[in-house]
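Participant: Contents are mmCIF, C-alpha atoms; file name target_9.cif:
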```
data_structure
loop_
_atom_site.label_atom_id
_atom_site.label_comp_id
_atom_site.auth_asym_id
_atom_site.auth_seq_id
_atom_site.Cartn_x
_atom_site.Cartn_y
_atom_site.Cartn_z
CA MET A 11 140.20 77.08 109.08
CA LYS A 12 141.04 73.43 109.11
CA SER A 13 140.97 70.50 111.50
CA LEU A 14 137.80 71.59 113.28
CA ALA A 15 137.23 67.88 113.91
CA GLU A 16 140.40 67.91 116.00
CA LEU A 17 138.96 70.81 117.97
CA GLU A 18 135.83 68.79 118.67
CA ALA A 19 138.02 66.05 120.17
CA ILE A 20 139.79 68.66 122.31
CA ARG A 21 136.41 69.89 123.52
CA LYS A 22 135.39 66.43 124.70
CA ALA A 23 138.70 65.76 126.43
CA THR A 24 138.65 69.16 128.13
CA LEU A 25 135.06 68.74 129.31
CA ASN A 26 136.03 65.46 130.99
CA ARG A 27 138.93 67.18 132.68
CA ILE A 28 136.84 70.15 133.78
CA ASN A 29 134.37 67.78 135.43
CA LEU A 30 137.22 66.31 137.45
CA ARG A 31 138.09 69.70 138.88
CA THR A 32 136.55 69.78 142.29
CA GLU A 33 138.28 72.84 143.66
CA ASP A 34 137.06 76.35 142.91
CA ASP A 35 139.08 79.08 141.25
CA SER A 36 140.12 80.76 144.49
CA GLU A 37 142.28 77.67 145.17
CA ALA A 38 144.12 77.98 141.87
CA THR A 39 147.74 79.02 141.53
CA ARG A 40 148.02 82.06 139.28
CA VAL A 41 150.86 82.78 136.89
CA VAL A 42 150.72 86.39 135.71
CA VAL A 43 152.96 87.57 132.85
CA GLY A 44 153.65 91.25 132.16
CA MET A 45 152.57 91.84 128.57
CA ALA A 46 152.75 95.58 127.97
CA THR A 47 155.00 97.10 125.27
CA CYS A 48 158.04 96.71 127.54
CA GLY A 49 157.32 93.08 128.41
CA ILE A 50 156.60 92.10 124.80
CA ALA A 51 159.75 93.82 123.52
CA ALA A 52 161.84 92.04 126.18
CA GLY A 53 160.48 88.61 125.19
CA ALA A 54 157.34 87.93 127.25
CA ARG A 55 155.45 86.16 124.47
CA PRO A 56 157.54 82.95 124.32
CA VAL A 57 157.72 82.98 128.14
CA MET A 58 153.95 82.96 128.46
CA LEU A 59 153.57 80.18 125.91
CA SER A 60 156.29 78.18 127.67
CA PHE A 61 154.25 78.32 130.88
CA MET A 62 151.23 77.17 128.90
CA ASP A 63 153.19 74.27 127.35
CA GLU A 64 154.68 73.20 130.66
CA ILE A 65 151.29 73.25 132.41
CA ASN A 66 149.81 71.33 129.51
CA LYS A 67 152.62 68.78 129.56
CA ARG A 68 152.22 68.14 133.27
CA GLN A 69 148.42 68.22 133.03
CA LEU A 70 148.15 70.71 135.90
CA SER A 71 144.47 71.54 136.13
CA ASN A 72 144.68 73.97 139.02
CA VAL A 73 146.92 76.63 137.48
CA THR A 74 145.86 79.66 135.45
CA VAL A 75 148.08 81.77 133.20
CA SER A 76 147.07 85.38 132.64
CA GLN A 77 148.48 88.69 131.44
CA THR A 78 148.91 92.08 132.99
CA GLY A 79 150.14 95.47 131.82
CA CYS A 80 153.26 97.42 132.69
CA ILE A 81 153.91 97.71 136.41
CA GLY A 82 156.71 100.25 136.07
CA MET A 83 159.91 98.21 136.31
CA CYS A 84 160.46 97.86 132.58
CA ARG A 85 164.21 97.22 132.98
CA LEU A 86 163.42 93.92 134.75
CA GLU A 87 161.07 92.58 132.05
CA PRO A 88 160.01 89.93 131.21
CA MET A 89 158.48 89.70 134.68
CA VAL A 90 156.27 86.91 135.97
CA ASP A 91 154.30 86.74 139.23
CA VAL A 92 153.51 83.35 140.71
CA ILE A 93 150.72 83.55 143.25
CA VAL A 94 150.08 80.42 145.31
CA PRO A 95 146.93 80.77 147.47
CA GLY A 96 147.83 81.49 151.08
CA LYS A 97 151.46 82.31 150.24
CA GLU A 98 153.18 85.57 149.47
CA LYS A 99 153.39 86.58 145.80
CA VAL A 100 156.74 85.77 144.20
CA THR A 101 158.04 87.96 141.34
CA TYR A 102 160.48 86.51 138.84
CA VAL A 103 162.49 88.89 136.65
CA HIS A 104 164.39 88.64 133.35
CA VAL A 105 162.50 85.42 132.72
CA LYS A 106 163.53 83.33 129.72
CA PRO A 107 161.67 80.32 128.28
CA GLU A 108 164.52 78.04 129.51
CA MET A 109 163.76 79.07 133.10
CA VAL A 110 160.10 78.12 132.91
CA PRO A 111 160.30 74.31 133.44
CA ARG A 112 162.25 74.87 136.66
CA ILE A 113 159.82 77.50 137.98
CA VAL A 114 156.89 75.20 137.25
CA ALA A 115 158.56 72.09 138.73
CA GLU A 116 160.02 73.66 141.86
CA HIS A 117 157.57 76.42 142.67
CA VAL A 118 154.18 75.72 141.10
CA VAL A 119 154.27 71.96 141.72
CA ASN A 120 156.48 71.63 144.81
CA GLY A 121 155.95 74.99 146.51
CA ARG A 122 159.60 76.06 146.70
CA PRO A 123 160.25 79.37 144.88
CA VAL A 124 163.41 79.48 142.73
CA ALA A 125 165.22 82.11 144.78
CA GLU A 126 167.95 82.91 142.23
CA TYR A 127 165.40 84.01 139.60
CA THR A 128 163.41 86.32 141.88
CA ILE A 129 163.36 90.09 142.01
CA GLY A 130 165.07 89.91 145.42
CA ALA A 131 168.10 88.16 143.95
CA ALA A 132 168.25 90.57 140.99
CA GLU A 133 168.13 93.63 143.19
CA ASN A 134 170.98 92.36 145.41
CA GLU A 135 173.38 91.96 142.51
CA MET B 10 160.46 94.89 118.76
CA ARG B 11 162.08 92.36 116.49
CA GLU B 12 158.98 91.11 114.70
CA ILE B 13 155.93 92.71 113.12
CA ALA B 14 153.92 90.04 114.97
CA LEU B 15 155.19 91.44 118.30
CA HIS B 16 153.92 94.88 117.31
CA LEU B 17 150.56 93.26 116.58
CA LEU B 18 150.45 91.67 120.04
CA ASP B 19 151.14 95.08 121.53
CA ILE B 20 148.78 97.15 119.39
CA VAL B 21 145.83 94.74 119.72
CA GLN B 22 145.78 95.51 123.43
CA ASN B 23 144.61 99.02 122.53
CA SER B 24 141.48 97.56 120.91
CA VAL B 25 140.82 95.34 123.93
CA THR B 26 141.21 98.31 126.28
CA ALA B 27 138.88 100.34 124.05
CA GLY B 28 136.12 97.84 124.84
CA ALA B 29 135.85 96.36 121.34
CA SER B 30 133.61 93.36 120.73
CA HIS B 31 135.14 92.53 117.34
CA VAL B 32 138.76 92.96 116.28
CA ASP B 33 139.68 92.15 112.69
CA ILE B 34 143.35 91.64 111.93
CA GLY B 35 144.73 91.57 108.40
CA PHE B 36 148.12 90.81 106.86
CA ARG B 37 148.09 91.55 103.15
CA LEU B 38 151.20 91.16 101.03
CA ALA B 39 151.00 92.76 97.59
CA ALA B 40 152.91 91.54 94.55
CA ASP B 41 155.27 94.56 94.81
CA GLY B 42 156.37 93.51 98.32
CA MET B 43 154.32 96.00 100.33
CA LEU B 44 152.85 94.37 103.43
CA THR B 45 149.90 95.98 105.17
CA MET B 46 149.07 94.98 108.70
CA SER B 47 145.66 96.25 109.74
CA VAL B 48 143.77 96.13 113.02
CA LYS B 49 140.15 97.23 112.88
CA ASP B 50 138.02 97.36 116.00
CA ASP B 51 134.57 98.51 117.08
CA GLY B 52 135.79 99.95 120.36
CA ARG B 53 135.04 103.38 121.72
CA GLY B 54 137.15 105.22 119.14
CA MET B 55 139.21 108.36 119.49
CA SER B 56 138.29 112.03 119.26
CA PRO B 57 139.94 114.02 116.44
CA GLU B 58 142.08 115.74 119.11
CA LEU B 59 143.38 112.46 120.54
CA LEU B 60 143.83 110.99 117.06
CA GLU B 61 146.11 113.87 116.18
CA ARG B 62 148.32 113.41 119.25
CA VAL B 63 148.32 109.62 119.58
CA ARG B 64 151.56 109.06 117.64
CA SER B 65 153.47 110.95 120.31
CA PRO B 66 155.29 108.80 122.87
CA PHE B 67 154.05 111.16 125.57
CA VAL B 68 150.39 110.45 124.94
CA THR B 69 148.64 107.53 126.64
CA THR B 70 145.20 106.80 128.08
CA ARG B 71 146.54 105.01 131.11
CA THR B 72 146.80 107.04 134.27
CA THR B 73 149.75 105.32 135.97
CA ARG B 74 152.48 106.75 133.73
CA LYS B 75 152.88 109.42 131.10
CA VAL B 76 154.45 107.44 128.28
CA GLY B 77 152.87 105.15 125.71
CA LEU B 78 155.25 103.61 123.20
CA GLY B 79 153.06 101.14 121.30
CA ILE B 80 152.07 103.27 118.30
CA PRO B 81 155.32 105.34 118.15
CA LEU B 82 157.50 102.20 117.98
CA LEU B 83 155.24 100.63 115.33
CA GLN B 84 155.40 103.82 113.29
CA GLN B 85 159.18 104.00 113.63
CA ASN B 86 159.67 100.48 112.32
CA ALA B 87 157.15 100.92 109.50
CA MET B 88 158.86 104.14 108.41
CA LEU B 89 162.34 102.60 108.61
CA SER B 90 161.31 100.18 105.86
CA GLY B 91 159.83 102.95 103.73
CA GLY B 92 156.23 102.46 104.84
CA GLY B 93 154.14 104.24 107.43
CA VAL B 94 151.14 104.13 109.74
CA GLU B 95 147.64 105.36 108.97
CA LEU B 96 144.95 105.86 111.58
CA GLU B 97 141.23 106.33 111.21
CA SER B 98 138.95 106.63 114.17
CA GLU B 99 135.52 107.81 115.13
CA VAL B 100 134.12 108.10 118.64
CA GLY B 101 131.53 105.40 119.26
CA VAL B 102 132.33 103.59 115.99
CA GLY B 103 135.86 102.23 116.27
CA THR B 104 139.41 102.53 115.08
CA LEU B 105 141.40 101.26 112.11
CA ILE B 106 145.17 101.25 112.25
CA SER B 107 147.14 100.21 109.19
CA ALA B 108 150.89 99.82 109.15
CA ARG B 109 152.62 99.45 105.80
CA PHE B 110 156.00 97.76 105.52
CA ASN B 111 158.15 97.51 102.45
CA THR B 112 159.37 93.92 102.75
CA ALA B 113 161.92 94.51 99.99
CA SER B 114 163.84 96.88 102.28
CA ILE B 115 166.80 95.54 104.21
CA ASP B 116 165.52 97.46 107.24
CA CYS B 117 162.13 95.74 107.21
CA LEU B 118 161.31 93.57 110.22
CA PRO B 119 160.31 89.96 109.59
CA VAL B 120 156.64 89.14 110.17
CA GLY B 121 157.77 86.70 112.86
CA ASP B 122 155.74 84.13 114.72
CA LEU B 123 152.23 85.28 113.94
CA ALA B 124 150.72 82.00 115.17
CA GLN B 125 152.36 82.47 118.57
CA THR B 126 151.06 86.05 118.70
CA MET B 127 147.50 84.96 117.90
CA ALA B 128 147.68 82.25 120.58
CA SER B 129 148.89 84.86 123.09
CA ILE B 130 146.13 87.28 122.11
CA VAL B 131 143.46 84.63 122.59
CA MET B 132 144.98 83.57 125.92
CA GLY B 133 144.96 87.14 127.13
CA SER B 134 141.33 87.81 126.18
CA PRO B 135 139.57 84.44 125.94
CA ASP B 136 136.01 85.69 126.49
CA ARG B 137 135.78 88.82 124.45
CA PRO B 138 136.35 90.49 122.01
CA GLU B 139 136.05 88.11 119.07
CA PHE B 140 139.19 88.15 116.93
CA SER B 141 139.55 87.36 113.26
CA LEU B 142 142.72 87.00 111.22
CA THR B 143 143.05 87.14 107.44
CA CYS B 144 146.37 86.58 105.70
CA ALA B 145 146.63 87.13 101.98
CA SER B 146 149.46 87.16 99.45
CA PRO B 147 149.87 86.29 95.78
CA ALA B 148 150.41 82.73 97.07
CA GLY B 149 146.93 82.44 98.59
CA GLU B 150 144.68 83.39 101.45
CA MET B 151 143.64 82.03 104.85
CA SER B 152 141.30 83.17 107.56
CA PHE B 153 140.66 82.31 111.17
CA SER B 154 138.11 83.49 113.69
CA THR B 155 137.58 82.92 117.39
CA GLU B 156 133.83 82.93 116.73
CA GLU B 157 134.16 79.71 114.74
CA VAL B 158 136.34 78.14 117.44
CA ARG B 159 133.83 79.16 120.10
CA ALA B 160 130.98 77.67 118.08
CA VAL B 161 132.71 74.26 118.22
CA LEU B 162 133.82 74.50 121.85
CA GLY B 163 130.49 75.58 123.30
CA GLU B 164 130.07 77.57 126.48
CA GLU B 165 131.78 75.27 128.98
CA VAL B 166 135.22 75.15 127.36
CA SER B 167 137.25 78.36 127.49
CA LEU B 168 139.49 79.42 124.63
CA ALA B 169 142.23 79.82 127.23
CA GLU B 170 142.39 76.06 127.93
CA PRO B 171 145.98 74.98 127.22
CA GLU B 172 144.94 72.39 124.61
CA VAL B 173 142.86 74.95 122.74
CA VAL B 174 145.67 77.52 122.75
CA GLN B 175 148.05 74.88 121.45
CA TRP B 176 145.61 73.87 118.71
CA ILE B 177 145.22 77.50 117.60
CA ARG B 178 148.98 77.94 117.48
CA GLN B 179 149.65 74.77 115.53
CA SER B 180 146.84 75.08 113.03
CA LEU B 181 147.66 78.73 112.34
CA GLN B 182 151.33 77.91 111.90
CA GLU B 183 150.48 75.38 109.19
CA GLU B 184 148.08 77.71 107.43
CA ILE B 185 150.14 80.92 107.52
CA GLU B 186 153.43 79.39 106.39
CA PRO B 187 152.47 78.83 102.72
CA ILE B 188 151.06 82.37 102.45
CA LEU B 189 153.60 84.56 104.26
CA GLY B 190 156.45 82.04 104.56
CA GLY B 191 158.86 84.10 102.47
CA ILE B 192 158.80 87.10 104.84
CA MET B 193 158.35 85.43 108.21
CA ARG B 194 162.01 85.09 109.26
#
```
Is it possible to give me this structure as structure tokens?
Facilitator:
Amino acid sequence: MKSLAELEAIRKATLNRINLRTEDDSEATRVVVGMATCGIAAGARPVMLSFMDEINKRQLSNVTVSQTGCIGMCRLEPMVDVIVPGKEKVTYVHVKPEMVPRIVAEHVVNGRPVAEYTIGAAENE
Amino acid sequence: MREIALHLLDIVQNSVTAGASHVDIGFRLAADGMLTMSVKDDGRGMSPELLERVRSPFVTTRTTRKVGLGIPLLQQNAMLSGGGVELESEVGVGTLISARFNTASIDCLPVGDLAQTMASIVMGSPDRPEFSLTCASPAGEMSFSTEEVRAVLGEEVSLAEPEVVQWIRQSLQEEIEPILGGIMR
């Protein structure tokens, strides 16, 4: 492995950022990506990393990205749940990396779900 | 699946679910073009009965549904190239799955974005198990382990921090390219 020195710098920067976090985890917005065989085959991997990149770019400290298994609607994969504390869970379907910046900007940051990407919109088609 | 690396992302989940504390991943390309992807874990292992049936798409350990396509799809793609899948497992000891691909075959999948897969794996299971990756070919060898990353980061900084995930992805990309570059796309 190389550039462990770089990693040391990341550690210091992250520690500073962690110390600035006052809120506890129950306040965090959760982004959950379906990563079972169906999700992976449909393209969930670049979607999850796009969320990570976007959150990194915007330096959002109060958002977590995690994975879940298959929830039984494989035809709608890749699926992503965005769970804002105190609000109803929103499920996005057929998510592509190009859709991620908009979901982060409009929903995660500004609290307005992107209606046209949600499971409700897909099921009404 | 369009990449061998996507199969890896899928199959590694079996080791995590099996409660492994160490998962060793290998990509070894021989001079004759045979690529072996191996995943070795120290999870709970499988009984000889389960081991015999596990290649069937109608066998799974989850209880929510009756299908499990991870191993069958991997086996299908390995066989399409002229390779195959071997499984060894012992209850209480762990499991080794090896998939062989003939990269000279026109039907062989590309290795794909292995760095992105490793970053996703670490993001999905940042606390445990520990993962290691070894890539070897006639062009050289590289290795990576989450244990080493954790040793630098200490206890307070999670491996799932966005900057850490990005570092893993970028450094692996640079290191894997010279070794498996010819069969990645």
Participant: Applying 10 Å and all atoms listed in the file, which residues near Met151 of chain B remain after dropping the ones on its own chain fewer than 2 positions away? List them as a VMD selection string.
Facilitator: (chain A and resid 11 to 12) or (chain B and resid 142 to 146 149 153 181 184 to 185 187 to 188)
Participant: Please write the residues picked by the PyMOL selection byres ((chain B) within 9 of (chain A)) on this file as a ChimeraX atom specification.
Facilitator: /B:10-11,15-16,18-20,22,73-74,77-79,125-126,128-129,132-134,151-154,157-158,161-163,165-166,169-176,180-181,184
Participant: Using atom CA of Arg112 of chain A and atom CA of Tyr127 of chain A as the two end points, give the distance in Å to one decimal.
Facilitator: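 Taking atom CA of Arg112 of chain A as the start and atom CA of Tyr127 of chain A as the end point, the length is 10.1 Å.
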Participant: Just want the 7 Å neighbourhood of Met89 of chain A, counted on all atoms listed in the file, with same-chain residues fewer than 4 positions away dropped. Output as number ranges by chain.
Facilitator: A: 43-44, 101-105
Participant: So, with only C-alpha atoms as the atoms that count, which of B:Thr72, B:Ser65, B:Thr112, B:Ser47 lies closest to Val94 of chain B?
Facilitator: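 When distances to Val94 of chain B are compared using only C-alpha atoms, the smallest one comes from B:Ser47.
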Participant: Between atom CA of Lys99 of chain A and atom CA of Glu135 of chain A, what distance in Å does the model show, to one decimal?
Facilitator: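 Atom CA of Glu135 of chain A lies at a distance of 21.0 Å from atom CA of Lys99 of chain A.
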Participant: Name the residues that the PyMOL selection byres ((chain B and resi 57) around 12) pulls out of this structure, and write them as an MDAnalysis selection string.
Facilitator: chainID B and resid 54:56 58:63 96:100 104
Participant: List every protein, DNA or RNA residue that has at least one atom no more than 7 Å from (157.9, 82.1, 148.4) in the file's coordinates, counting all atoms listed in the file, and write the result as a compact mmCIF listing (two decimals) with C-alpha atoms, keeping the file's coordinate frame.
Facilitator:
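Wrote result-v2.txt, looks like this:
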```txt
# COMPACT_ATOMS: atom_id res chain seq x y z
CA LYS A 97 151.46 82.31 150.24
CA GLU A 98 153.18 85.57 149.47
CA LYS A 99 153.39 86.58 145.80
CA VAL A 100 156.74 85.77 144.20
CA ARG A 122 159.60 76.06 146.70
CA PRO A 123 160.25 79.37 144.88
```
Participant: Written as a list in words, what is the full residue list that the PyMOL selection byres ((chain B and resi 13) around 10) yields on the file shown?
Facilitator: Met10, Arg11, Glu12, Ala14, Leu15, His16, Leu17, Leu18, Asp19, Met46, Leu83, Asn86, Ala87, Ala108, Phe110, Cys117, Leu118, Pro119, Val120, Gly121, Asp122, Leu123, Thr126 and Met193 of chain B
Participant: Rounded to one decimal in Å, what is the spacing between atom CA of Glu116 of chain A and atom CA of Arg85 of chain A?
Facilitator: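 That distance, rounded to one decimal, is 25.5 Å.
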Participant: From the list B:Gly52, B:Leu38, B:Met88, B:Arg159, which residue is nearest Ser114 of chain B when using all atoms listed in the file?
Facilitator: B:Met88
Participant: Under the rule that all atoms listed in the file are counted, which of A:Val110, A:Ala38, A:Val57, A:Val92 is the nearest residue to Val73 of chain A?
Facilitator: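 Of all the options, A:Ala38 lies closest to Val73 of chain A.
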Participant: Hey, which of B:Gln182, B:Ser30, B:Thr155, B:Thr45 ends up closest to Ile106 of chain B? Count only C-alpha atoms.
Facilitator: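 Counting only C-alpha atoms, the residue closest to Ile106 of chain B is B:Thr45.
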